[in-house]
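Listing of protein-v4.cif, mmCIF, C-alpha atoms; chains and numbers go by the auth columns
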```cif
data_work
loop_
_atom_site.group_PDB
_atom_site.id
_atom_site.type_symbol
_atom_site.label_atom_id
_atom_site.label_comp_id
_atom_site.label_asym_id
_atom_site.label_seq_id
_atom_site.Cartn_x
_atom_site.Cartn_y
_atom_site.Cartn_z
_atom_site.B_iso_or_equiv
_atom_site.auth_seq_id
_atom_site.auth_asym_id
ATOM 1 C CA MET A 1 -15.277 5.762 32.705 0.00 24 A
ATOM 2 C CA LYS A 2 -12.910 8.584 33.602 0.00 25 A
ATOM 3 C CA ALA A 3 -12.507 12.317 33.156 0.00 26 A
ATOM 4 C CA ALA A 4 -9.940 15.024 33.802 0.00 27 A
ATOM 5 C CA ILE A 5 -9.345 18.702 33.101 0.00 28 A
ATOM 6 C CA VAL A 6 -6.540 19.188 30.571 0.00 29 A
ATOM 7 C CA ASP A 7 -4.011 21.932 29.931 0.00 30 A
ATOM 8 C CA LEU A 8 -4.517 22.352 26.166 0.00 31 A
ATOM 9 C CA ASP A 9 -1.007 23.721 25.626 0.00 32 A
ATOM 10 C CA THR A 10 0.871 20.815 27.199 0.00 33 A
ATOM 11 C CA GLY A 11 -1.591 17.938 27.482 0.00 34 A
ATOM 12 C CA ALA A 12 -0.959 17.728 31.218 0.00 35 A
ATOM 13 C CA PHE A 13 -3.830 17.077 33.597 0.00 36 A
ATOM 14 C CA VAL A 14 -4.645 19.993 35.887 0.00 37 A
ATOM 15 C CA SER A 15 -7.066 17.935 37.974 0.00 38 A
ATOM 16 C CA ASP A 16 -7.332 14.408 39.250 0.00 39 A
ATOM 17 C CA ARG A 17 -8.316 11.722 36.746 0.00 40 A
ATOM 18 C CA TYR A 18 -11.638 10.808 38.326 0.00 41 A
ATOM 19 C CA ARG A 19 -13.008 7.321 37.661 0.00 42 A
ATOM 20 C CA ILE A 20 -16.451 5.776 37.980 0.00 43 A
ATOM 21 C CA ALA A 21 -17.048 2.122 37.165 0.00 44 A
ATOM 22 C CA THR A 22 -18.748 1.579 33.810 0.00 45 A
ATOM 23 C CA PRO A 23 -22.378 0.600 34.464 0.00 46 A
ATOM 24 C CA GLN A 24 -23.564 -2.840 33.467 0.00 47 A
ATOM 25 C CA PRO A 25 -25.314 -2.967 31.133 0.00 48 A
ATOM 26 C CA ALA A 26 -23.644 0.106 29.637 0.00 49 A
ATOM 27 C CA THR A 27 -26.790 1.515 28.057 0.00 50 A
ATOM 28 C CA PRO A 28 -27.032 5.119 26.817 0.00 51 A
ATOM 29 C CA SER A 29 -29.110 6.320 29.762 0.00 52 A
ATOM 30 C CA ALA A 30 -26.875 4.616 32.327 0.00 53 A
ATOM 31 C CA MET A 31 -23.697 6.039 30.810 0.00 54 A
ATOM 32 C CA ALA A 32 -25.243 9.487 30.518 0.00 55 A
ATOM 33 C CA ASP A 33 -25.776 9.432 34.278 0.00 56 A
ATOM 34 C CA VAL A 34 -22.106 8.578 34.818 0.00 57 A
ATOM 35 C CA VAL A 35 -20.925 11.356 32.498 0.00 58 A
ATOM 36 C CA ALA A 36 -23.096 13.798 34.448 0.00 59 A
ATOM 37 C CA ALA A 37 -21.498 12.586 37.691 0.00 60 A
ATOM 38 C CA LEU A 38 -17.995 12.976 36.257 0.00 61 A
ATOM 39 C CA ILE A 39 -18.775 16.548 35.207 0.00 62 A
ATOM 40 C CA GLU A 40 -20.284 17.353 38.582 0.00 63 A
ATOM 41 C CA HIS A 41 -17.137 16.076 40.310 0.00 64 A
ATOM 42 C CA HIS A 42 -14.971 18.467 38.312 0.00 65 A
ATOM 43 C CA GLN A 43 -17.508 21.318 38.377 0.00 66 A
ATOM 44 C CA TRP A 44 -16.865 21.710 34.653 0.00 67 A
ATOM 45 C CA LYS A 45 -18.802 24.436 32.779 0.00 68 A
ATOM 46 C CA LYS A 46 -17.113 24.608 29.376 0.00 69 A
ATOM 47 C CA PRO A 47 -17.387 22.482 26.190 0.00 70 A
ATOM 48 C CA LEU A 48 -16.958 18.762 26.825 0.00 71 A
ATOM 49 C CA GLY A 49 -15.109 16.221 24.703 0.00 72 A
ATOM 50 C CA VAL A 50 -16.105 12.564 24.960 0.00 73 A
ATOM 51 C CA ALA A 51 -13.979 9.773 23.460 0.00 74 A
ATOM 52 C CA PHE A 52 -15.922 6.609 22.643 0.00 75 A
ATOM 53 C CA PRO A 53 -14.948 3.178 21.172 0.00 76 A
ATOM 54 C CA THR A 54 -17.182 3.434 18.126 0.00 77 A
ATOM 55 C CA VAL A 55 -17.562 5.039 14.732 0.00 78 A
ATOM 56 C CA VAL A 56 -18.993 8.515 15.384 0.00 79 A
ATOM 57 C CA ARG A 57 -20.273 10.779 12.610 0.00 80 A
ATOM 58 C CA GLY A 58 -21.913 14.067 13.468 0.00 81 A
ATOM 59 C CA GLY A 59 -22.303 12.843 17.028 0.00 82 A
ATOM 60 C CA ILE A 60 -24.241 9.751 15.900 0.00 83 A
ATOM 61 C CA VAL A 61 -23.001 6.329 17.074 0.00 84 A
ATOM 62 C CA GLU A 62 -22.740 3.995 14.076 0.00 85 A
ATOM 63 C CA SER A 63 -20.991 0.838 15.310 0.00 86 A
ATOM 64 C CA ALA A 64 -21.038 -1.385 18.378 0.00 87 A
ATOM 65 C CA ALA A 65 -18.152 -3.833 18.130 0.00 88 A
ATOM 66 C CA ASN A 66 -17.109 -3.263 21.756 0.00 89 A
ATOM 67 C CA ILE A 67 -20.140 -1.470 23.246 0.00 90 A
ATOM 68 C CA ASP A 68 -23.784 -2.287 23.957 0.00 91 A
ATOM 69 C CA ASP A 69 -25.901 -2.703 20.817 0.00 92 A
ATOM 70 C CA SER A 70 -28.438 -0.216 22.188 0.00 93 A
ATOM 71 C CA TRP A 71 -26.032 2.578 21.237 0.00 94 A
ATOM 72 C CA ILE A 72 -26.520 2.156 17.490 0.00 95 A
ATOM 73 C CA ASP A 73 -28.005 5.320 15.889 0.00 96 A
ATOM 74 C CA VAL A 74 -28.003 7.220 19.197 0.00 97 A
ATOM 75 C CA ASN A 75 -27.204 10.936 18.932 0.00 98 A
ATOM 76 C CA ALA A 76 -24.572 10.874 21.667 0.00 99 A
ATOM 77 C CA ASN A 77 -23.778 14.580 21.326 0.00 100 A
ATOM 78 C CA ARG A 78 -27.378 15.369 22.226 0.00 101 A
ATOM 79 C CA LEU A 79 -27.665 12.653 24.892 0.00 102 A
ATOM 80 C CA PHE A 80 -24.632 13.814 26.856 0.00 103 A
ATOM 81 C CA SER A 81 -25.444 17.483 26.296 0.00 104 A
ATOM 82 C CA GLU A 82 -28.886 16.996 27.832 0.00 105 A
ATOM 83 C CA ALA A 83 -27.340 15.086 30.752 0.00 106 A
ATOM 84 C CA THR A 84 -24.686 17.724 31.503 0.00 107 A
ATOM 85 C CA GLY A 85 -26.034 21.003 30.127 0.00 108 A
ATOM 86 C CA LEU A 86 -22.802 21.424 28.176 0.00 109 A
ATOM 87 C CA ASP A 87 -21.831 21.679 24.527 0.00 110 A
ATOM 88 C CA VAL A 88 -20.567 18.142 23.742 0.00 111 A
ATOM 89 C CA ARG A 89 -18.232 16.897 21.009 0.00 112 A
ATOM 90 C CA MET A 90 -18.055 13.126 20.502 0.00 113 A
ATOM 91 C CA VAL A 91 -14.996 11.502 18.926 0.00 114 A
ATOM 92 C CA ASN A 92 -13.802 7.966 18.306 0.00 115 A
ATOM 93 C CA ASP A 93 -11.457 7.010 21.152 0.00 116 A
ATOM 94 C CA ALA A 94 -8.526 6.004 18.935 0.00 117 A
ATOM 95 C CA ASP A 95 -8.958 9.186 16.884 0.00 118 A
ATOM 96 C CA ALA A 96 -8.843 11.150 20.143 0.00 119 A
ATOM 97 C CA ALA A 97 -5.655 9.384 21.254 0.00 120 A
ATOM 98 C CA GLY A 98 -4.065 9.953 17.862 0.00 121 A
ATOM 99 C CA TYR A 99 -5.071 13.605 17.864 0.00 122 A
ATOM 100 C CA ALA A 100 -3.325 14.064 21.204 0.00 123 A
ATOM 101 C CA GLU A 101 -0.148 12.314 20.071 0.00 124 A
ATOM 102 C CA VAL A 102 0.044 14.183 16.750 0.00 125 A
ATOM 103 C CA ARG A 103 -0.548 17.568 18.379 0.00 126 A
ATOM 104 C CA LEU A 104 1.406 17.183 21.611 0.00 127 A
ATOM 105 C CA GLY A 105 3.128 13.792 21.730 0.00 128 A
ATOM 106 C CA ALA A 106 5.129 11.302 19.688 0.00 129 A
ATOM 107 C CA GLY A 107 3.825 12.565 16.333 0.00 130 A
ATOM 108 C CA ARG A 108 4.280 16.269 16.982 0.00 131 A
ATOM 109 C CA GLY A 109 5.800 18.054 13.989 0.00 132 A
ATOM 110 C CA ARG A 110 5.679 14.970 11.766 0.00 133 A
ATOM 111 C CA SER A 111 4.360 15.287 8.219 0.00 134 A
ATOM 112 C CA GLY A 112 3.267 12.631 5.775 0.00 135 A
ATOM 113 C CA VAL A 113 1.149 9.606 6.680 0.00 136 A
ATOM 114 C CA VAL A 114 1.109 8.955 10.433 0.00 137 A
ATOM 115 C CA MET A 115 -0.848 6.037 11.877 0.00 138 A
ATOM 116 C CA MET A 116 -1.682 5.701 15.567 0.00 139 A
ATOM 117 C CA LEU A 117 -2.627 2.220 16.785 0.00 140 A
ATOM 118 C CA THR A 118 -3.974 1.524 20.272 0.00 141 A
ATOM 119 C CA PHE A 119 -3.500 -2.045 21.478 0.00 142 A
ATOM 120 C CA GLY A 120 -5.999 -2.968 24.166 0.00 143 A
ATOM 121 C CA THR A 121 -9.242 -4.942 24.249 0.00 144 A
ATOM 122 C CA GLY A 122 -9.230 -4.488 20.485 0.00 145 A
ATOM 123 C CA ILE A 123 -7.046 -2.435 18.160 0.00 146 A
ATOM 124 C CA GLY A 124 -8.006 1.173 17.599 0.00 147 A
ATOM 125 C CA SER A 125 -6.565 3.248 14.786 0.00 148 A
ATOM 126 C CA ALA A 126 -6.165 6.877 13.823 0.00 149 A
ATOM 127 C CA LEU A 127 -4.835 7.993 10.443 0.00 150 A
ATOM 128 C CA PHE A 128 -3.324 11.425 9.776 0.00 151 A
ATOM 129 C CA ILE A 129 -2.140 12.951 6.514 0.00 152 A
ATOM 130 C CA ASP A 130 0.097 15.970 7.094 0.00 153 A
ATOM 131 C CA GLY A 131 -1.539 16.407 10.490 0.00 154 A
ATOM 132 C CA THR A 132 -5.136 16.149 9.240 0.00 155 A
ATOM 133 C CA LEU A 133 -7.251 13.348 10.726 0.00 156 A
ATOM 134 C CA VAL A 134 -9.033 10.846 8.491 0.00 157 A
ATOM 135 C CA PRO A 135 -11.697 9.803 11.047 0.00 158 A
ATOM 136 C CA ASN A 136 -13.195 6.436 11.985 0.00 159 A
ATOM 137 C CA THR A 137 -10.712 4.178 10.212 0.00 160 A
ATOM 138 C CA GLU A 138 -11.247 1.100 12.457 0.00 161 A
ATOM 139 C CA PHE A 139 -8.201 -0.746 11.073 0.00 162 A
ATOM 140 C CA GLY A 140 -8.393 -3.264 13.912 0.00 163 A
ATOM 141 C CA HIS A 141 -11.236 -4.849 11.944 0.00 164 A
ATOM 142 C CA LEU A 142 -9.223 -5.340 8.766 0.00 165 A
ATOM 143 C CA GLU A 143 -9.285 -8.982 7.721 0.00 166 A
ATOM 144 C CA LEU A 144 -5.992 -10.716 8.397 0.00 167 A
ATOM 145 C CA ASP A 145 -5.620 -14.472 7.893 0.00 168 A
ATOM 146 C CA GLY A 146 -9.398 -14.843 7.647 0.00 169 A
ATOM 147 C CA GLN A 147 -10.401 -12.931 10.781 0.00 170 A
ATOM 148 C CA ASP A 148 -10.342 -9.471 12.343 0.00 171 A
ATOM 149 C CA ALA A 149 -6.744 -8.419 12.912 0.00 172 A
ATOM 150 C CA GLU A 150 -7.478 -7.491 16.531 0.00 173 A
ATOM 151 C CA HIS A 151 -8.445 -11.095 17.256 0.00 174 A
ATOM 152 C CA GLN A 152 -4.782 -12.025 16.836 0.00 175 A
ATOM 153 C CA ALA A 153 -2.803 -8.888 17.638 0.00 176 A
ATOM 154 C CA SER A 154 -4.637 -6.985 20.381 0.00 177 A
ATOM 155 C CA ALA A 155 -3.324 -6.815 23.918 0.00 178 A
ATOM 156 C CA ARG A 156 -6.279 -8.955 24.974 0.00 179 A
ATOM 157 C CA ALA A 157 -5.198 -11.613 22.463 0.00 180 A
ATOM 158 C CA ARG A 158 -1.758 -11.719 24.104 0.00 181 A
ATOM 159 C CA GLN A 159 -3.346 -12.395 27.475 0.00 182 A
ATOM 160 C CA ARG A 160 -5.964 -14.786 26.097 0.00 183 A
ATOM 161 C CA ASP A 161 -3.363 -16.942 24.365 0.00 184 A
ATOM 162 C CA ASP A 162 -0.797 -16.577 27.172 0.00 185 A
ATOM 163 C CA LEU A 163 1.864 -15.280 24.781 0.00 186 A
ATOM 164 C CA THR A 164 5.301 -14.029 25.690 0.00 187 A
ATOM 165 C CA TRP A 165 6.032 -10.466 24.644 0.00 188 A
ATOM 166 C CA LYS A 166 8.316 -11.802 21.896 0.00 189 A
ATOM 167 C CA HIS A 167 5.679 -14.103 20.421 0.00 190 A
ATOM 168 C CA TRP A 168 3.023 -11.404 20.607 0.00 191 A
ATOM 169 C CA ALA A 169 5.396 -8.957 18.894 0.00 192 A
ATOM 170 C CA LYS A 170 5.583 -11.286 15.891 0.00 193 A
ATOM 171 C CA ARG A 171 1.798 -11.148 15.581 0.00 194 A
ATOM 172 C CA VAL A 172 1.940 -7.364 15.778 0.00 195 A
ATOM 173 C CA GLN A 173 4.661 -7.341 13.129 0.00 196 A
ATOM 174 C CA HIS A 174 2.503 -9.447 10.795 0.00 197 A
ATOM 175 C CA TYR A 175 -0.336 -6.957 11.249 0.00 198 A
ATOM 176 C CA LEU A 176 1.905 -3.932 10.718 0.00 199 A
ATOM 177 C CA GLU A 177 3.368 -5.441 7.549 0.00 200 A
ATOM 178 C CA HIS A 178 -0.196 -5.738 6.231 0.00 201 A
ATOM 179 C CA LEU A 179 -0.807 -2.053 6.996 0.00 202 A
ATOM 180 C CA GLU A 180 2.492 -1.114 5.324 0.00 203 A
ATOM 181 C CA LYS A 181 1.369 -2.769 2.085 0.00 204 A
ATOM 182 C CA LEU A 182 -1.957 -0.934 2.165 0.00 205 A
ATOM 183 C CA PHE A 183 -0.922 2.558 3.281 0.00 206 A
ATOM 184 C CA SER A 184 2.879 3.017 3.070 0.00 207 A
ATOM 185 C CA PRO A 185 2.918 5.086 6.283 0.00 208 A
ATOM 186 C CA ASP A 186 5.804 7.293 7.341 0.00 209 A
ATOM 187 C CA LEU A 187 5.331 6.622 11.053 0.00 210 A
ATOM 188 C CA PHE A 188 3.506 4.206 13.348 0.00 211 A
ATOM 189 C CA ILE A 189 2.699 5.311 16.900 0.00 212 A
ATOM 190 C CA ALA A 190 1.969 2.393 19.227 0.00 213 A
ATOM 191 C CA GLY A 191 -0.472 3.321 21.992 0.00 214 A
ATOM 192 C CA GLY A 192 -2.633 1.721 24.625 0.00 215 A
ATOM 193 C CA GLY A 193 -1.381 0.182 27.829 0.00 216 A
ATOM 194 C CA VAL A 194 1.388 -1.723 26.018 0.00 217 A
ATOM 195 C CA SER A 195 3.084 1.568 25.140 0.00 218 A
ATOM 196 C CA LYS A 196 4.241 1.756 28.771 0.00 219 A
ATOM 197 C CA LYS A 197 6.029 -1.587 28.294 0.00 220 A
ATOM 198 C CA ALA A 198 7.468 -0.920 24.841 0.00 221 A
ATOM 199 C CA GLU A 199 10.917 -2.160 25.846 0.00 222 A
ATOM 200 C CA HIS A 200 9.476 -5.684 26.184 0.00 223 A
ATOM 201 C CA TRP A 201 8.145 -5.996 22.649 0.00 224 A
ATOM 202 C CA LEU A 202 9.081 -3.178 20.264 0.00 225 A
ATOM 203 C CA PRO A 203 12.686 -4.446 19.874 0.00 226 A
ATOM 204 C CA HIS A 204 11.202 -7.670 18.455 0.00 227 A
ATOM 205 C CA VAL A 205 9.239 -5.832 15.730 0.00 228 A
ATOM 206 C CA ASP A 206 11.237 -5.623 12.493 0.00 229 A
ATOM 207 C CA ILE A 207 9.439 -3.564 9.847 0.00 230 A
ATOM 208 C CA SER A 208 10.429 -0.947 7.269 0.00 231 A
ATOM 209 C CA THR A 209 8.393 1.875 8.797 0.00 232 A
ATOM 210 C CA GLU A 210 9.559 3.817 11.837 0.00 233 A
ATOM 211 C CA ILE A 211 7.548 2.863 14.925 0.00 234 A
ATOM 212 C CA VAL A 212 7.610 4.669 18.273 0.00 235 A
ATOM 213 C CA PRO A 213 5.656 4.263 21.516 0.00 236 A
ATOM 214 C CA ALA A 214 2.989 6.803 22.370 0.00 237 A
ATOM 215 C CA GLU A 215 4.103 9.378 24.910 0.00 238 A
ATOM 216 C CA MET A 216 0.790 9.833 26.717 0.00 239 A
ATOM 217 C CA ALA A 217 -0.137 6.156 27.191 0.00 240 A
ATOM 218 C CA ASN A 218 -3.687 5.788 28.516 0.00 241 A
ATOM 219 C CA ASN A 219 -4.100 9.543 29.063 0.00 242 A
ATOM 220 C CA ALA A 220 -4.088 10.233 25.325 0.00 243 A
ATOM 221 C CA GLY A 221 -7.827 9.659 24.857 0.00 244 A
ATOM 222 C CA ILE A 222 -8.762 12.238 27.479 0.00 245 A
ATOM 223 C CA VAL A 223 -6.262 14.752 26.108 0.00 246 A
ATOM 224 C CA GLY A 224 -7.512 14.262 22.556 0.00 247 A
ATOM 225 C CA ALA A 225 -11.147 14.605 23.605 0.00 248 A
ATOM 226 C CA ALA A 226 -10.296 17.894 25.307 0.00 249 A
ATOM 227 C CA LEU A 227 -8.527 19.156 22.193 0.00 250 A
ATOM 228 C CA VAL A 228 -11.516 18.211 20.029 0.00 251 A
ATOM 229 C CA ALA A 229 -13.909 19.985 22.401 0.00 252 A
ATOM 230 C CA ASN A 230 -11.781 23.120 22.302 0.00 253 A
ATOM 231 C CA ALA A 231 -11.567 23.037 18.488 0.00 254 A
ATOM 232 C CA GLY A 232 -15.380 23.102 18.339 0.00 255 A
#
```

Structure encoded using structure tokens:
Amino acid sequence: MKAAIVDLDTGAFVSDRYRIATPQPATPSAMADVVAALIEHHQWKKPLGVAFPTVVRGGIVESAANIDDSWIDVNANRLFSEATGLDVRMVNDADAAGYAEVRLGAGRGRSGVVMMLTFGTGIGSALFIDGTLVPNTEFGHLELDGQDAEHQASARARQRDDLTWKHWAKRVQHYLEHLEKLFSPDLFIAGGGVSKKAEHWLPHVDISTEIVPAEMANNAGIVGAALVANAG
């Protein structure tokens, strides 16, 4: 778990990116204690944005594909607000990353249908129409060849199956072609840790839609959370 103070005009960090190991098990109470410690480190007193790998509606956690099941139906806005004394705004982590890229990064100034995809442990997604977010899309869980797409095309799948970048890129291409048929996007933004190594795999992806690497890499989630907190 990590936190930083963000310049909302540029997306740059104006503090260190402070990290604390995720508690195990990562229950609501245990993670609330870590969030409080992160805030104390930064001496932060203003609204707080928290990006989380789950469907979040009205601050309520509604899915647990990659988090502890005890989070289901938890009012995370209230939980973290009580732990920190701050006004808290929860947001899906991929939505946060996409928000940062559309406002300040690779999607800045782009109209039409823009889709941000984060390739990591799973595949996160964020969908924008003329700059407006359609939240909680979770396109990594679309069925592809009889299973969740992220099972085949996530960054973890590349490591699990010991794939070369070229072979993994073909899996990503298959997934992106599926998304093209469903949504006819104008732009894909590829995020997550693999965005920092785009030269190894993006040249092997041959699709109709323009695709660019994210500019903020793994910082995008923090930047997006800060933007969401500021928007209120």

Closest atom pairs, region 31-62 of chain A residues within 12 Å of region 115-136 of chain A, all atoms listed in the file, as CSV:
```
residue,atom,partner,partner_atom,distance
A:Leu31,CA,A:Leu127,CA,9.1
A:Asp32,CA,A:Leu127,CA,8.0
A:Thr33,CA,A:Leu127,CA,6.7
A:Gly34,CA,A:Leu127,CA,6.6
A:Ala35,CA,A:Leu127,CA,9.9
```

Please produce a file of the residues just selected, as a PDB file, in the frame of the given file, where the atoms kept are C-alpha atoms.
```pdb
ATOM      1  CA  LEU A  31      -4.517  22.352  26.166  1.00  0.00           C
ATOM      2  CA  ASP A  32      -1.007  23.721  25.626  1.00  0.00           C
ATOM      3  CA  THR A  33       0.871  20.815  27.199  1.00  0.00           C
ATOM      4  CA  GLY A  34      -1.591  17.938  27.482  1.00  0.00           C
ATOM      5  CA  ALA A  35      -0.959  17.728  31.218  1.00  0.00           C
TER       6      ALA A  35
END
```

Between A:Gly147, A:Met138, A:Ser177, A:Leu250, single out the one closest to Glu233 (chain A), counting all atoms listed in the file. A:Met138

Matched chain/residue IDs from the PyMOL selection byres ((chain A and resi 172) around 12), as an MDAnalysis selection string: chainID A and resid 142 145:148 161:171 173:178 180 194:202

Figure out the distance between CA of Asn89 (chain A) and CA of Ile152 (chain A), please, to one decimal in Å.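 Spanning CA of Ile152 (chain A) to CA of Asn89 (chain A) is a straight-line distance of 26.8 Å.
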
Around the point (-22.7, 14.3, 19.9) (coordinates from the file), which residues reach within 7 Å if we count all atoms listed in the file? Answer as a list in words. Gly81, Gly82, Ile83, Asn98, Ala99, Asn100, Arg101, Val111, Arg112 and Met113 of chain A

Report as an mmCIF file with C-alpha atoms, in the coordinates of the input the residues that result from applying the PyMOL selection byres ((chain A and resi 232) around 10) to the structure here.
```cif
data_model
loop_
_atom_site.group_PDB
_atom_site.id
_atom_site.type_symbol
_atom_site.label_atom_id
_atom_site.label_comp_id
_atom_site.auth_asym_id
_atom_site.auth_seq_id
_atom_site.Cartn_x
_atom_site.Cartn_y
_atom_site.Cartn_z
ATOM 1 C CA LEU A 199 1.905 -3.932 10.718
ATOM 2 C CA GLU A 200 3.368 -5.441 7.549
ATOM 3 C CA GLU A 203 2.492 -1.114 5.324
ATOM 4 C CA SER A 207 2.879 3.017 3.070
ATOM 5 C CA PRO A 208 2.918 5.086 6.283
ATOM 6 C CA ASP A 209 5.804 7.293 7.341
ATOM 7 C CA LEU A 210 5.331 6.622 11.053
ATOM 8 C CA PHE A 211 3.506 4.206 13.348
ATOM 9 C CA ASP A 229 11.237 -5.623 12.493
ATOM 10 C CA ILE A 230 9.439 -3.564 9.847
ATOM 11 C CA SER A 231 10.429 -0.947 7.269
ATOM 12 C CA GLU A 233 9.559 3.817 11.837
ATOM 13 C CA ILE A 234 7.548 2.863 14.925
ATOM 14 C CA VAL A 235 7.610 4.669 18.273
#
```

Closest of A:Ala55, A:Ala88, A:Ala240, A:Val79 to Ser104 (chain A), counting all atoms listed in the file, is A:Ala55

Closest contacts (region 172-247 of chain A/region 38-48 of chain A, max 12 Å, only C-alpha atoms) as a Markdown table:
```
| residue | atom | partner | partner_atom | distance |
| --- | --- | --- | --- | --- |
| A:Asn241 | CA | A:Arg40 | CA | 11.2 |
| A:Asn242 | CA | A:Arg40 | CA | 9.0 |
| A:Ile245 | CA | A:Arg40 | CA | 9.3 |
| A:Val246 | CA | A:Arg40 | CA | 11.3 |
```

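Near Pro158 (chain A), within 7 Å and counting all atoms listed in the file, sit Asp118, Ala149, Leu156 and Thr160 of chain A, not including residues fewer than 2 positions from it in the same chain.
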
With all atoms of region 49-56 of chain A from the file as input, state the centre and edge lengths in Å to one decimal of the axis-aligned box that has 6 Å extra on each side, as JSON.
```
{"center_x": -26.4, "center_y": 4.8, "center_z": 30.5, "size_x": 17.5, "size_y": 21.4, "size_z": 19.5}
```

Please indicate the distance in Å from CA of Trp67 (chain A) to CA of Val97 (chain A), rounded to one decimal place. 23.9 Å

One-decimal distance in Å that lies between CA of Trp191 (chain A) and CA of Val78 (chain A): 27.0 Å
